[in-house]
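Take a look at the structure below.
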Amino acid sequence: MLMSVDGKISTGDADDRDIDKDLPHIDGAREGLEQYYELERWTDLWSLNTGRVFAKIGVNEKTDEPTKLPVSFVVIDSKPHLTESGVAYLAKKAHTFVLVTTNPTHPAHALTDAHPNLHVISYTEQIDFVDLFCQLKETYIADKLTVQSGGTLNTRLLRDGLIDRVLLVVAPLLIGGKDTASLLDGKSLHTMKDLAEIRTLELVQAKPLEHSYLLLEYKVRN
């Protein structure tokens with residue numbers, strides 16, 4: 001995950017603000033950005049993200065024929081943020097595409113015959129992520145999964161004990177903004193009992209990169 005020193009994973013609270021899109025325009029940040037993309041290329045063969053993130057980067061408007069990747073996608077999308085065109089594009093791009101939703105009218109339901117590598121996992125009211133991860137491991141042999149989602153989902157997975165490793169690239173900038181997405185967002189803690197939701201970390205490495213970037217890797221103590 002790419003974040004600022006103050007933990008922000010976006011440059012603002014509007015959908016057209018995006019850290020990947022905006023950092024190339026910021027002096028002192030753009031120079032080292034390629035290091036993050038180089039590390040990102042070594043992602044696991046399964047990647048979890050959200051429909052909102054994919055919609056934000058424009059997959060619904062893509063018209064090119066995508067290059068098939070060896071990476072499989074798990075996409076959480078209930079609103080939906082993905083259109084029929086966006087779902088079809090990701091199915092063409094991914095090795096296996098698992099769409100997870102609580103929306104019975106999601107456009108992915110109508111595309112499984114046209115795209116045999118597209119699988120829809122449905123839940124009624126709320127996604128049970130513990131059950132989902134068990135299905136991914138047992139049915140799809142997804143032993144390792146890279147999570148590249150937003151702060152709210154990151155927090156949910158962490159508190160469910162489903163994240164065991166954190167790999168961060170810290171960009172040398174401070175963004176701020178109480179409504180700007182952070183590495184962990186979601187529901188705040190309130191009581192002494194809630195402290196059980198906090199996860200402590202064991203440092204694996206802290207490696208300075210070029211242009212004042214920093215690589216941090218932790219094991220999560222679940």
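In the structure tokens, the first chain shown is A, the next is B, and so on; residue numbers restart at 1 for each chain, and ligands run from 1 in the order shown.
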**OP:** Could you please write out, as a list of chain:residue names, every residue of segment 39-135 of chain A that DSSP assigns to strand (DSSP E)?
**Re:** A:Trp46, A:Ser47, A:Leu48, A:Asn49, A:Thr50, A:Ser72, A:Phe73, A:Val74, A:Val75, A:Ile76, A:Phe97, A:Val98, A:Leu99, A:Val100, A:Thr101, A:Leu118, A:His119, A:Val120, A:Ile121, A:Ser122
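The gap separating atom CA of Gly86 of chain A from atom CA of Thr63 of chain A is 9.6 Å, in Å to one decimal.
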Subject >> Pro116 of chain A surroundings by only C-alpha atoms, 12 Å radius, close-in-sequence under 2 positions cut, as number ranges by chain >> reply: A: 88, 91-92, 94-98, 108-114, 118-120
Subject >> chain A: residues DSSP assigns to helix (DSSP H, G or I), reported as number ranges by chain >> reply: A: 19-25, 30-40, 51-56, 59-61, 84-93, 107-111, 129-140, 151-159, 193-197, 210-212
